[in-house]
Amino acid sequence: MWNQFRTKCTWHPQHQNEINSIFEKKAARQIKDTMCAARNVGKMPDWLRKDVSDKLLEKWNTAEWKAKSEQAKANRAFSKGGSLHTGGSITFAAHKLRLEKERGRDMSHDEVFEELRKKK
């Protein structure tokens with residue numbers, strides 16, 4: 001895939017590492033999505049060798065794989081209880097400073113931690 005991509009696109013050499021990284025991320029996502037669809041439909045992509053597809057189907061049909069898959073599905077669907085991080089991308093230290101200014105007193109590590117894990 002990479003060689004085919006390189007025949008159709010050009011870029012400056014200083015961008016090589018960034019382009020490699022982007023390509024690998026996008027290709028990995030595409031392959032993951034393709035394999036997920038193949039697993040759900042039960043039909044392997046044409047570009048996958050028969051021996052590889054047979055091994056994958058064998059693995060996907062094991063009780064262990066099915067149990068892991070069901071557990072992951074249940075985990076993704078679970079939405080109540082537990083703690084929720086509500087701090088966003090702001091650092092813990094920045095939250096601590098903001099809360100101290102807001103409340104007019106020093107905040108302990110535990111107080112800030114609890115504040116960041118409240119459901120809003």
# chains A, B, ... in the order shown; residues from 1 in each chain; ligands from 1
>>> closest_atom_pairs(of="range 21-50 of chain A", to="range 60-67 of chain A", cutoff="12 Å", atoms="only C-alpha atoms", output="Markdown table")
| residue | atom | partner | partner_atom | distance |
| --- | --- | --- | --- | --- |
| A:Met35 | CA | A:Trp60 | CA | 11.1 |
| A:Cys36 | CA | A:Trp60 | CA | 10.8 |
| A:Ala38 | CA | A:Trp60 | CA | 10.9 |
| A:Arg39 | CA | A:Trp60 | CA | 7.6 |
| A:Asn40 | CA | A:Trp60 | CA | 10.3 |
| A:Gly42 | CA | A:Trp60 | CA | 10.2 |
>>> residues_around(residues="range 21-23 of chain A", least_positions_apart="6", cutoff="10 Å", atoms="only C-alpha atoms", output="MDAnalysis selection string")
chainID A and resid 1:2 5 29
>>> write_last_selection(atoms="N, CA, C and O atoms", output="compact mmCIF listing (two decimals), in the first residue's frame")
# COMPACT_ATOMS: atom_id res chain seq x y z
N MET A 1 0.83 -1.19 0.00
CA MET A 1 0.00 0.00 0.00
C MET A 1 0.87 1.26 0.00
O MET A 1 0.57 2.21 -0.69
N TRP A 2 1.93 1.21 0.82
CA TRP A 2 2.80 2.38 0.92
C TRP A 2 3.47 2.68 -0.42
O TRP A 2 3.51 3.84 -0.85
N PHE A 5 1.02 4.22 -2.77
CA PHE A 5 0.76 5.59 -2.35
C PHE A 5 1.88 6.52 -2.82
O PHE A 5 1.62 7.61 -3.34
N ARG A 29 -6.06 2.11 10.85
CA ARG A 29 -7.49 2.29 11.12
C ARG A 29 -8.33 1.62 10.03
O ARG A 29 -9.33 0.95 10.31
>>> residues_around(residues="range 108-112 of chain A", least_positions_apart="6", cutoff="8 Å", atoms="only C-alpha atoms", output="list in words")
Phe92, His95, Lys96 and Leu99 of chain A
>>> select_by_dssp(residues="range 33-115 of chain A", states="helix (DSSP H, G or I)", output="ChimeraX atom specification")
/A:33-41,50-60,63-77,92-103,109-115
